[in-house]
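One structure is given here, and the rest of the page talks about it.
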Amino acid sequence: MTEVRGYAARDASSPLAPFTFERRTPGPHDVEIEILYCGICHSDLHQARNDWRNSLYPMVPGHEIVGRVVATGAHVKKLKAGDLAAVGCMVDSCRQCSACNDDLEQYCEHGTTWTYNCKDRSGKELTFGGYSEKIVVEERFVAKVPENLDLKAVAPLLCAGITTWSPLKHWNVGPGQKVGVIGLGGLGHMGIKFAKALGAHVVMITTSPGKAQDAKKLGADEVLISTDAAAMQAHAASFDFLLNTVPVPHDLNPYIALLKRDRAMVLVGVLTELEPPVQGGGLIMGRKSVAGSAIGGMKETQEMLDFCGEHNIVADIEMVDIQTVNEAYERLIKNDVKYRFVIDMDSLRKEAA
Ligand code: NAP
Ligand code: ZN
Ligand code: ZN
């Protein structure tokens with residue numbers, strides 16, 4: 001075991017603070033990574049504050065992790081010391097169920113082991129995430145990072161990126177389709193970039209008129225202000241696909257009305273009760289669907305990173321030091337980030353030196 005420093009939440013209401021814990025010595029299939037950057041996902045905040053009522057403390061959040069490999073076990077094949085590597089939302093799964101066999105470890109029937117706020121497979125130890133100096137992860141759950149990309153802006157691809165990429169691919173988004181991305185935050189800005197790169201006509205659907213210019217810069221062909229009823233009416237029944245990234249319960253009915261017949265809106269943001277109620281008629285009249293999607297499997301995570309390498313796609317980020325992580329959380333609540341905070345983990349190493 002090695003001692004590792006990080007920042008942890010001790011309960012739902014206190015700020016994140018320095019915390020020391022242990023990581024395992026790399027086993028034969030393990031990769032040990034020095035963490036260079038870690039993105040701040042809205043899910044980190046939800047879990048640190050126990051919004052989903054399943055938080056385990058102490059909690060070291062962080063699942064948008066990139067860094068450099070410092071050691072590998074004897075059986076590790078795809079990575080070696082010195083390589084760039086990335087870890088996302090999961091660090092293990094059963095590897096035997098139908099989901100795992102289909103490379104969809106995030107839907108493991110025996111429970112995915114999440115990067116933090118989770119028990120490891122022994123059921124005894126808590127997992128600790130990327131707001132820390134180092135992480136040790138089994139090779140299957142480590143991705144290779146294209147060397148041509150700006151590493152700090154790669155970090156958010158590991159959650160915001162894959163969570164938007166996976167449904168766009170699964171629902172076959174491509175040329176000739178009108179695609180709406182709802183909510184311009186960390187996930188939404190990646191949704192625009194990917195939908196555009198996949199050849200769709202992209203409409204940013206936002207509650208913030210002030211983000212219209214940015215949305216166009218990010219690749220949106222049009223901007224639709226969701227609070228403008230007349231504009232929403234003008235786009236009724238015209239969308240082939242909607243990706244909804246809004247993090248809180250909200251009225252889905254006006255968005256369902258935007259879908260063409262037989263098309264789907266996929267939710268990735270709301271994990272709690274949906275309210276107000278969805279009107280059955282809005283779905284029935286037009287055979288429409290509301291679906292959900294969680295991150296993406298390790299195979300598609302690698303495909304997404306390789307696509308980003310080829311198309312030069314990274315997140316738009318603002319760098320922060322670990323010492324200001326609590327202020328970053330407050331700004332995230334106020335919808336004040338363009339469009340992802342990334343922690344420079346050298347700030348943690350300097351603090352300890
Ligand atoms: P974020 O950066 O805070 O962005 C969310 C955006 O939603 C905001 O920028 C805002 O965009 C819009 N919004 C916020 N409050 C709203 C409201 N009351 N009504 C309508 N729109 C609102 O969050 P994020 O990091 O992108 O994460 C989004 C959600 O996805 C979070 O709940 C997170 O936990 C979840 N998530 C899910 C998965 C998964 O696997 N399914 C993975 C990662 C994250 P506008 O200003 O443009 O309206
Ligand atoms: Zn996330
Ligand atoms: Zn499984």
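Residues in the structure tokens are named by chain (A, B, ... in the order shown) and by number from 1 within that chain; ligands are numbered from 1 in the order shown.
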**Request:** Please extract the residues at most 9 Å from ligand 2, counting only C-alpha atoms and all ligand atoms, and provide them as a ChimeraX atom specification, using the chain letters and residue numbers of this document.
**Result:** /A:39-44,62-64,88-89,156,158-160,163,187,295
Please, could you write that set of residues out with N, CA, C and O atoms as a tab-separated table (two decimals), in the first residue's frame?
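Once written, out30.tsv looks like this:
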```
chain	number	residue	atom	x	y	z
A	39	GLY	N	-11.10	16.60	-14.14
A	39	GLY	CA	-12.24	17.48	-14.39
A	39	GLY	C	-13.19	17.49	-13.20
A	39	GLY	O	-13.20	16.57	-12.38
A	40	ILE	N	-13.99	18.56	-13.12
A	40	ILE	CA	-15.04	18.64	-12.09
A	40	ILE	C	-16.38	18.47	-12.79
A	40	ILE	O	-16.82	19.32	-13.55
A	41	CYS	N	-17.00	17.33	-12.52
A	41	CYS	CA	-18.30	17.01	-13.12
A	41	CYS	C	-19.41	17.44	-12.16
A	41	CYS	O	-19.21	17.42	-10.94
A	42	HIS	N	-20.56	17.80	-12.72
A	42	HIS	CA	-21.68	18.14	-11.82
A	42	HIS	C	-22.03	16.96	-10.92
A	42	HIS	O	-22.51	17.14	-9.79
A	43	SER	N	-21.74	15.74	-11.37
A	43	SER	CA	-22.00	14.55	-10.53
A	43	SER	C	-21.12	14.56	-9.27
A	43	SER	O	-21.52	14.02	-8.24
A	44	ASP	N	-19.92	15.14	-9.36
A	44	ASP	CA	-19.06	15.23	-8.16
A	44	ASP	C	-19.79	16.02	-7.08
A	44	ASP	O	-19.80	15.65	-5.90
A	62	GLY	N	-14.12	12.82	-8.24
A	62	GLY	CA	-13.25	12.95	-9.42
A	62	GLY	C	-13.26	11.72	-10.31
A	62	GLY	O	-12.75	10.67	-9.91
A	63	HIS	N	-13.88	11.84	-11.51
A	63	HIS	CA	-13.87	10.71	-12.44
A	63	HIS	C	-13.60	11.18	-13.87
A	63	HIS	O	-14.08	10.57	-14.82
A	64	GLU	N	-12.85	12.26	-13.99
A	64	GLU	CA	-12.38	12.71	-15.31
A	64	GLU	C	-10.87	12.85	-15.18
A	64	GLU	O	-10.34	13.94	-15.01
A	88	GLY	N	-12.04	6.95	-16.22
A	88	GLY	CA	-13.33	7.64	-16.16
A	88	GLY	C	-14.12	7.26	-14.93
A	88	GLY	O	-13.57	7.19	-13.82
A	89	CYS	N	-15.39	6.97	-15.13
A	89	CYS	CA	-16.32	6.82	-14.00
A	89	CYS	C	-16.27	5.46	-13.34
A	89	CYS	O	-16.88	5.26	-12.29
A	156	PRO	N	-12.08	16.16	-19.31
A	156	PRO	CA	-13.55	16.09	-19.30
A	156	PRO	C	-14.14	15.09	-20.30
A	156	PRO	O	-15.33	14.73	-20.19
A	158	LEU	N	-13.59	12.10	-20.32
A	158	LEU	CA	-13.77	10.83	-19.63
A	158	LEU	C	-15.13	10.68	-18.97
A	158	LEU	O	-15.55	9.58	-18.66
A	159	CYS	N	-15.85	11.82	-18.78
A	159	CYS	CA	-17.24	11.68	-18.35
A	159	CYS	C	-18.15	12.51	-19.25
A	159	CYS	O	-19.01	11.98	-19.93
A	160	ALA	N	-17.95	13.84	-19.27
A	160	ALA	CA	-18.81	14.67	-20.13
A	160	ALA	C	-18.74	14.20	-21.58
A	160	ALA	O	-19.75	14.18	-22.29
A	163	THR	N	-20.35	10.44	-21.98
A	163	THR	CA	-21.79	10.43	-21.66
A	163	THR	C	-22.62	11.02	-22.80
A	163	THR	O	-23.79	10.67	-22.97
A	187	LEU	N	-21.57	18.74	-20.06
A	187	LEU	CA	-22.02	17.70	-20.98
A	187	LEU	C	-22.50	18.33	-22.29
A	187	LEU	O	-22.15	17.88	-23.38
A	295	ILE	N	-23.03	7.03	-18.98
A	295	ILE	CA	-21.66	7.11	-19.53
A	295	ILE	C	-21.49	6.27	-20.79
A	295	ILE	O	-22.23	6.42	-21.76
```
**Item:** Close residues, A:Val142 itself excluded, 10 Å, only C-alpha atoms, min 2 positions apart in chain, as a PyMOL selection string
**Value:** chain A and resi 30-33+65-66+78-79+85-88+90-91+136-140+144-145+298+301-302
Output the selection as an mmCIF file, in the first residue's frame - N, CA, C and O atoms for each residue.
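Final output, saved to out-v8.cif:
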```cif
data_model
loop_
_atom_site.group_PDB
_atom_site.id
_atom_site.type_symbol
_atom_site.label_atom_id
_atom_site.label_comp_id
_atom_site.auth_asym_id
_atom_site.auth_seq_id
_atom_site.Cartn_x
_atom_site.Cartn_y
_atom_site.Cartn_z
ATOM 1 N N ASP A 30 -2.559 -4.365 -13.022
ATOM 2 C CA ASP A 30 -2.833 -2.971 -12.649
ATOM 3 C C ASP A 30 -1.926 -1.971 -13.345
ATOM 4 O O ASP A 30 -0.776 -2.274 -13.691
ATOM 5 N N VAL A 31 -2.467 -0.764 -13.469
ATOM 6 C CA VAL A 31 -1.711 0.373 -13.989
ATOM 7 C C VAL A 31 -1.713 1.444 -12.904
ATOM 8 O O VAL A 31 -2.769 1.774 -12.364
ATOM 9 N N GLU A 32 -0.531 1.957 -12.580
ATOM 10 C CA GLU A 32 -0.449 3.041 -11.595
ATOM 11 C C GLU A 32 -0.224 4.343 -12.359
ATOM 12 O O GLU A 32 0.680 4.444 -13.184
ATOM 13 N N ILE A 33 -1.092 5.318 -12.083
ATOM 14 C CA ILE A 33 -1.072 6.567 -12.855
ATOM 15 C C ILE A 33 -0.837 7.754 -11.923
ATOM 16 O O ILE A 33 -1.522 7.886 -10.903
ATOM 17 N N ILE A 65 -10.200 11.695 -15.205
ATOM 18 C CA ILE A 65 -8.806 11.612 -14.760
ATOM 19 C C ILE A 65 -7.865 11.376 -15.926
ATOM 20 O O ILE A 65 -8.070 10.445 -16.712
ATOM 21 N N VAL A 66 -6.843 12.220 -16.040
ATOM 22 C CA VAL A 66 -5.767 11.933 -16.997
ATOM 23 C C VAL A 66 -4.422 12.094 -16.303
ATOM 24 O O VAL A 66 -4.271 12.886 -15.365
ATOM 25 N N LYS A 78 -1.393 -3.151 -22.814
ATOM 26 C CA LYS A 78 -1.598 -2.003 -23.701
ATOM 27 C C LYS A 78 -0.907 -0.720 -23.229
ATOM 28 O O LYS A 78 -0.852 0.239 -23.984
ATOM 29 N N LEU A 79 -0.378 -0.701 -22.026
ATOM 30 C CA LEU A 79 0.257 0.520 -21.515
ATOM 31 C C LEU A 79 1.601 0.208 -20.874
ATOM 32 O O LEU A 79 1.814 -0.895 -20.365
ATOM 33 N N ALA A 85 -2.453 8.230 -19.931
ATOM 34 C CA ALA A 85 -3.554 7.306 -19.658
ATOM 35 C C ALA A 85 -4.707 8.064 -19.025
ATOM 36 O O ALA A 85 -4.531 9.152 -18.474
ATOM 37 N N ALA A 86 -5.902 7.454 -19.124
ATOM 38 C CA ALA A 86 -7.099 8.104 -18.606
ATOM 39 C C ALA A 86 -7.991 7.100 -17.890
ATOM 40 O O ALA A 86 -8.048 5.932 -18.258
ATOM 41 N N VAL A 87 -8.675 7.600 -16.870
ATOM 42 C CA VAL A 87 -9.637 6.791 -16.113
ATOM 43 C C VAL A 87 -10.912 7.609 -16.002
ATOM 44 O O VAL A 87 -10.865 8.817 -15.748
ATOM 45 N N GLY A 88 -12.044 6.950 -16.222
ATOM 46 C CA GLY A 88 -13.330 7.639 -16.162
ATOM 47 C C GLY A 88 -14.118 7.260 -14.926
ATOM 48 O O GLY A 88 -13.570 7.189 -13.824
ATOM 49 N N MET A 90 -15.636 4.464 -13.966
ATOM 50 C CA MET A 90 -15.650 3.131 -13.358
ATOM 51 C C MET A 90 -14.256 2.527 -13.323
ATOM 52 O O MET A 90 -13.415 2.826 -14.167
ATOM 53 N N VAL A 91 -14.027 1.681 -12.319
ATOM 54 C CA VAL A 91 -12.710 1.059 -12.164
ATOM 55 C C VAL A 91 -12.787 -0.461 -12.118
ATOM 56 O O VAL A 91 -11.759 -1.137 -12.059
ATOM 57 N N VAL A 136 -4.570 3.672 -8.879
ATOM 58 C CA VAL A 136 -4.171 2.347 -9.358
ATOM 59 C C VAL A 136 -5.431 1.652 -9.864
ATOM 60 O O VAL A 136 -6.397 1.484 -9.116
ATOM 61 N N VAL A 137 -5.425 1.297 -11.166
ATOM 62 C CA VAL A 137 -6.635 0.764 -11.803
ATOM 63 C C VAL A 137 -6.260 -0.405 -12.701
ATOM 64 O O VAL A 137 -5.226 -0.386 -13.368
ATOM 65 N N GLU A 138 -7.138 -1.398 -12.731
ATOM 66 C CA GLU A 138 -6.922 -2.556 -13.604
ATOM 67 C C GLU A 138 -6.954 -2.115 -15.072
ATOM 68 O O GLU A 138 -7.766 -1.261 -15.450
ATOM 69 N N GLU A 139 -6.088 -2.713 -15.872
ATOM 70 C CA GLU A 139 -5.878 -2.302 -17.259
ATOM 71 C C GLU A 139 -7.164 -2.133 -18.080
ATOM 72 O O GLU A 139 -7.295 -1.193 -18.865
ATOM 73 N N ARG A 140 -8.130 -3.038 -17.902
ATOM 74 C CA ARG A 140 -9.366 -2.958 -18.698
ATOM 75 C C ARG A 140 -10.057 -1.611 -18.540
ATOM 76 O O ARG A 140 -10.773 -1.160 -19.437
ATOM 77 N N LYS A 144 -6.200 4.687 -23.351
ATOM 78 C CA LYS A 144 -5.004 5.371 -23.876
ATOM 79 C C LYS A 144 -5.423 6.739 -24.404
ATOM 80 O O LYS A 144 -6.500 6.872 -24.987
ATOM 81 N N VAL A 145 -4.563 7.728 -24.207
ATOM 82 C CA VAL A 145 -4.899 9.098 -24.611
ATOM 83 C C VAL A 145 -4.089 9.467 -25.853
ATOM 84 O O VAL A 145 -2.860 9.330 -25.850
ATOM 85 N N MET A 298 -15.967 0.723 -21.758
ATOM 86 C CA MET A 298 -14.546 1.039 -21.964
ATOM 87 C C MET A 298 -14.166 0.986 -23.448
ATOM 88 O O MET A 298 -13.353 1.778 -23.904
ATOM 89 N N THR A 301 -15.372 4.121 -24.916
ATOM 90 C CA THR A 301 -14.576 5.236 -24.380
ATOM 91 C C THR A 301 -13.290 5.391 -25.202
ATOM 92 O O THR A 301 -12.903 6.507 -25.575
ATOM 93 N N GLN A 302 -12.659 4.238 -25.503
ATOM 94 C CA GLN A 302 -11.434 4.307 -26.323
ATOM 95 C C GLN A 302 -11.755 4.802 -27.733
ATOM 96 O O GLN A 302 -11.030 5.622 -28.286
#
```
**Request:** Could you give me the residues within 6 Å of ligand 1, counting only C-alpha atoms and all ligand atoms, as a PyMOL selection string?
**Result:** chain A and resi 41-43+159-160+163+183-188+206-208+245-248+250+268-270+293-295+332+335
Residue selection dump (C-alpha atoms) as a short mmCIF file (atom, residue, chain, number, x, y, z; two decimals), in the first residue's frame:
```
data_model
loop_
_atom_site.label_atom_id
_atom_site.label_comp_id
_atom_site.auth_asym_id
_atom_site.auth_seq_id
_atom_site.Cartn_x
_atom_site.Cartn_y
_atom_site.Cartn_z
CA CYS A 41 -18.30 17.01 -13.12
CA HIS A 42 -21.68 18.14 -11.82
CA SER A 43 -22.00 14.55 -10.53
CA CYS A 159 -17.24 11.68 -18.35
CA ALA A 160 -18.81 14.67 -20.13
CA THR A 163 -21.79 10.43 -21.66
CA GLY A 183 -28.49 22.48 -21.45
CA LEU A 184 -25.18 24.14 -22.28
CA GLY A 185 -22.89 22.99 -19.49
CA GLY A 186 -20.05 20.48 -19.29
CA LEU A 187 -22.02 17.70 -20.98
CA GLY A 188 -23.96 19.95 -23.35
CA THR A 206 -30.83 26.60 -23.65
CA THR A 207 -32.44 28.57 -20.83
CA SER A 208 -29.62 31.15 -21.10
CA THR A 245 -28.33 17.17 -20.04
CA VAL A 246 -30.33 19.27 -17.53
CA PRO A 247 -29.20 18.26 -14.01
CA VAL A 248 -32.46 18.85 -12.14
CA HIS A 250 -37.84 19.93 -15.06
CA VAL A 268 -28.51 11.87 -19.04
CA GLY A 269 -28.88 14.49 -16.32
CA VAL A 270 -31.77 13.74 -13.97
CA SER A 293 -28.19 6.58 -20.91
CA ALA A 294 -25.24 6.23 -18.54
CA ILE A 295 -21.66 7.11 -19.53
CA LEU A 332 -21.03 25.38 -10.88
CA ASN A 335 -24.15 28.00 -13.87
#
```
**Top pick for closest residue to ligand 3, considering A:Ser98, A:Asn54, A:Thr72, A:Ser13 and counting only C-alpha atoms and all ligand atoms** = A:Ser98
**Request:** Set the cut-off to 10 Å, count only C-alpha atoms and all ligand atoms, and list whatever residues fall near ligand 3 as an NGL selection string.
**Result:** :A and (92-113)
**Message:** Just checking: using only C-alpha atoms, which residue out of A:Ala153, A:Val203, A:Leu84, A:Leu242 ends up closest to A:Met265?
**Reply:** A:Leu242
**Fill in**
One decimal place gives the atom CA of A:Leu198-atom CA of A:Tyr37 separation as 27.4 Å
Please, which residues of stretch 63-268 of chain A, numbered as in this document, come out strand (DSSP E) from DSSP, as a PDB file with C-alpha atoms, in the first residue's frame?
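The resulting out.pdb:
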```pdb
ATOM      1  CA  ILE A  65      -8.806  11.612 -14.760  1.00  0.00           C
ATOM      2  CA  VAL A  66      -5.767  11.933 -16.997  1.00  0.00           C
ATOM      3  CA  GLY A  67      -2.130  11.426 -16.179  1.00  0.00           C
ATOM      4  CA  ARG A  68       1.039   9.552 -16.880  1.00  0.00           C
ATOM      5  CA  VAL A  69       1.652   5.868 -16.231  1.00  0.00           C
ATOM      6  CA  VAL A  70       4.342   5.401 -13.589  1.00  0.00           C
ATOM      7  CA  ALA A  71       4.221   1.612 -13.166  1.00  0.00           C
ATOM      8  CA  THR A  72       2.474  -1.407 -14.654  1.00  0.00           C
ATOM      9  CA  LEU A  84      -0.543   9.017 -21.181  1.00  0.00           C
ATOM     10  CA  ALA A  85      -3.554   7.306 -19.658  1.00  0.00           C
ATOM     11  CA  ALA A  86      -7.099   8.104 -18.606  1.00  0.00           C
ATOM     12  CA  VAL A  87      -9.637   6.791 -16.113  1.00  0.00           C
ATOM     13  CA  MET A  90     -15.650   3.131 -13.358  1.00  0.00           C
ATOM     14  CA  VAL A  91     -12.710   1.059 -12.164  1.00  0.00           C
ATOM     15  CA  ASP A  92     -14.122  -2.485 -12.155  1.00  0.00           C
ATOM     16  CA  THR A 113     -17.500  -0.476  -9.307  1.00  0.00           C
ATOM     17  CA  TRP A 114     -17.555   3.299  -9.600  1.00  0.00           C
ATOM     18  CA  LYS A 134      -2.255   8.908  -7.926  1.00  0.00           C
ATOM     19  CA  ILE A 135      -4.618   6.088  -8.831  1.00  0.00           C
ATOM     20  CA  VAL A 136      -4.171   2.347  -9.358  1.00  0.00           C
ATOM     21  CA  VAL A 137      -6.635   0.764 -11.803  1.00  0.00           C
ATOM     22  CA  GLU A 138      -6.922  -2.556 -13.604  1.00  0.00           C
ATOM     23  CA  ALA A 143      -7.870   4.174 -21.695  1.00  0.00           C
ATOM     24  CA  LYS A 144      -5.004   5.371 -23.876  1.00  0.00           C
ATOM     25  CA  LYS A 178     -31.755  17.682 -36.797  1.00  0.00           C
ATOM     26  CA  VAL A 179     -30.365  17.130 -33.291  1.00  0.00           C
ATOM     27  CA  GLY A 180     -31.099  19.183 -30.182  1.00  0.00           C
ATOM     28  CA  VAL A 181     -28.751  19.390 -27.217  1.00  0.00           C
ATOM     29  CA  ILE A 182     -30.560  20.640 -24.102  1.00  0.00           C
ATOM     30  CA  HIS A 201     -27.645  19.803 -37.970  1.00  0.00           C
ATOM     31  CA  VAL A 202     -27.258  20.887 -34.336  1.00  0.00           C
ATOM     32  CA  VAL A 203     -29.618  23.088 -32.329  1.00  0.00           C
ATOM     33  CA  MET A 204     -28.528  24.242 -28.880  1.00  0.00           C
ATOM     34  CA  ILE A 205     -31.602  24.402 -26.630  1.00  0.00           C
ATOM     35  CA  THR A 206     -30.829  26.599 -23.647  1.00  0.00           C
ATOM     36  CA  GLU A 222     -29.070  27.248 -34.427  1.00  0.00           C
ATOM     37  CA  VAL A 223     -29.940  28.287 -30.887  1.00  0.00           C
ATOM     38  CA  LEU A 224     -33.401  27.769 -29.394  1.00  0.00           C
ATOM     39  CA  ILE A 225     -34.276  29.541 -26.138  1.00  0.00           C
ATOM     40  CA  PHE A 239     -36.255  17.017 -34.222  1.00  0.00           C
ATOM     41  CA  ASP A 240     -34.754  13.609 -34.994  1.00  0.00           C
ATOM     42  CA  PHE A 241     -33.033  13.318 -31.622  1.00  0.00           C
ATOM     43  CA  LEU A 242     -32.799  15.227 -28.338  1.00  0.00           C
ATOM     44  CA  LEU A 243     -30.001  14.877 -25.794  1.00  0.00           C
ATOM     45  CA  ASN A 244     -31.166  16.272 -22.459  1.00  0.00           C
ATOM     46  CA  LEU A 259     -39.706  15.418 -31.456  1.00  0.00           C
ATOM     47  CA  LYS A 260     -40.795  14.041 -34.817  1.00  0.00           C
ATOM     48  CA  ARG A 261     -42.836  10.834 -34.864  1.00  0.00           C
ATOM     49  CA  ASP A 262     -40.914   7.726 -33.703  1.00  0.00           C
ATOM     50  CA  ARG A 263     -38.000   9.750 -32.348  1.00  0.00           C
ATOM     51  CA  ALA A 264     -36.412   9.802 -28.866  1.00  0.00           C
ATOM     52  CA  MET A 265     -35.242  12.201 -26.213  1.00  0.00           C
ATOM     53  CA  VAL A 266     -32.438  10.703 -24.117  1.00  0.00           C
ATOM     54  CA  LEU A 267     -31.970  11.890 -20.552  1.00  0.00           C
TER      55      LEU A 267
END
```
**Request:** Quick one: everything within 6 Å of stretch 15-23 of chain A, counting only C-alpha atoms, minus sequence neighbours fewer than 4 positions away in the same chain. Send it as JSON, numbers by chain.
**Result:** {"A": [1, 2, 3, 4, 5, 6, 7, 8, 9]}
Residues just named, written with N, CA, C and O atoms as a compact mmCIF listing (two decimals), in the first residue's frame:
```
# COMPACT_ATOMS: atom_id res chain seq x y z
N MET A 1 0.84 -1.20 0.00
CA MET A 1 0.00 0.00 0.00
C MET A 1 0.88 1.26 0.00
O MET A 1 1.94 1.27 0.61
N THR A 2 0.41 2.29 -0.69
CA THR A 2 1.11 3.58 -0.62
C THR A 2 0.15 4.64 -0.13
O THR A 2 -1.04 4.60 -0.44
N GLU A 3 0.73 5.57 0.61
CA GLU A 3 -0.06 6.68 1.11
C GLU A 3 -0.22 7.72 -0.01
O GLU A 3 0.75 8.07 -0.68
N VAL A 4 -1.45 8.20 -0.17
CA VAL A 4 -1.75 9.15 -1.25
C VAL A 4 -2.52 10.32 -0.65
O VAL A 4 -3.38 10.12 0.21
N ARG A 5 -2.23 11.53 -1.13
CA ARG A 5 -2.99 12.70 -0.67
C ARG A 5 -4.08 13.06 -1.65
O ARG A 5 -3.93 12.89 -2.86
N GLY A 6 -5.16 13.58 -1.11
CA GLY A 6 -6.26 14.02 -1.95
C GLY A 6 -7.09 15.05 -1.21
O GLY A 6 -6.69 15.53 -0.15
N TYR A 7 -8.24 15.37 -1.79
CA TYR A 7 -9.22 16.24 -1.13
C TYR A 7 -10.52 15.45 -0.99
O TYR A 7 -10.94 14.80 -1.96
N ALA A 8 -11.12 15.52 0.20
CA ALA A 8 -12.31 14.71 0.45
C ALA A 8 -13.42 15.53 1.07
O ALA A 8 -13.19 16.51 1.77
N ALA A 9 -14.66 15.07 0.81
CA ALA A 9 -15.83 15.54 1.56
C ALA A 9 -16.02 14.58 2.72
O ALA A 9 -15.94 13.36 2.54
```
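Taking atom CA of A:Gly309 and atom CA of A:Leu168 as the two end points, the separation is 18.0 Å.
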Taking only residues of stretch 48-141 of chain A that have an atom at most 9 Å from an atom of stretch 345-351 of chain A, what is each one's shortest atom pair and its distance in Å to one decimal, using only C-alpha atoms, in chain and number order, as a tab-separated table?
```
residue	atom	partner	partner_atom	distance
A:Tyr131	CA	A:Met345	CA	7.5
A:Ser132	CA	A:Met345	CA	7.2
A:Glu133	CA	A:Met345	CA	6.7
```
**Asked** Of the candidates A:Leu157, A:Ala197, A:Ala12, A:Val320, which shows the shortest atom-to-atom distance to A:Val342, using only C-alpha atoms?
**Response** A:Val320
**Asked** Running DSSP on the backbone, which parts of stretch 126-270 of chain A land in helix (DSSP H, G or I), as an MDAnalysis selection string?
**Response** chainID A and resid 139:141 151:158 160:170 186:197 209:218 229:234 253:256
**Asked** Which residue out of A:Lys152, A:Asp251, A:Val173, A:Thr127 has the minimum interatomic distance to A:Asp316 when only C-alpha atoms are used?
**Response** A:Lys152
**Asked** Residues at most 9 Å from A:Ser55, counting only C-alpha atoms, excluding those fewer than 6 positions away in the same chain, as a PyMOL selection string?
**Response** chain A and resi 11-12+47-49+117-118
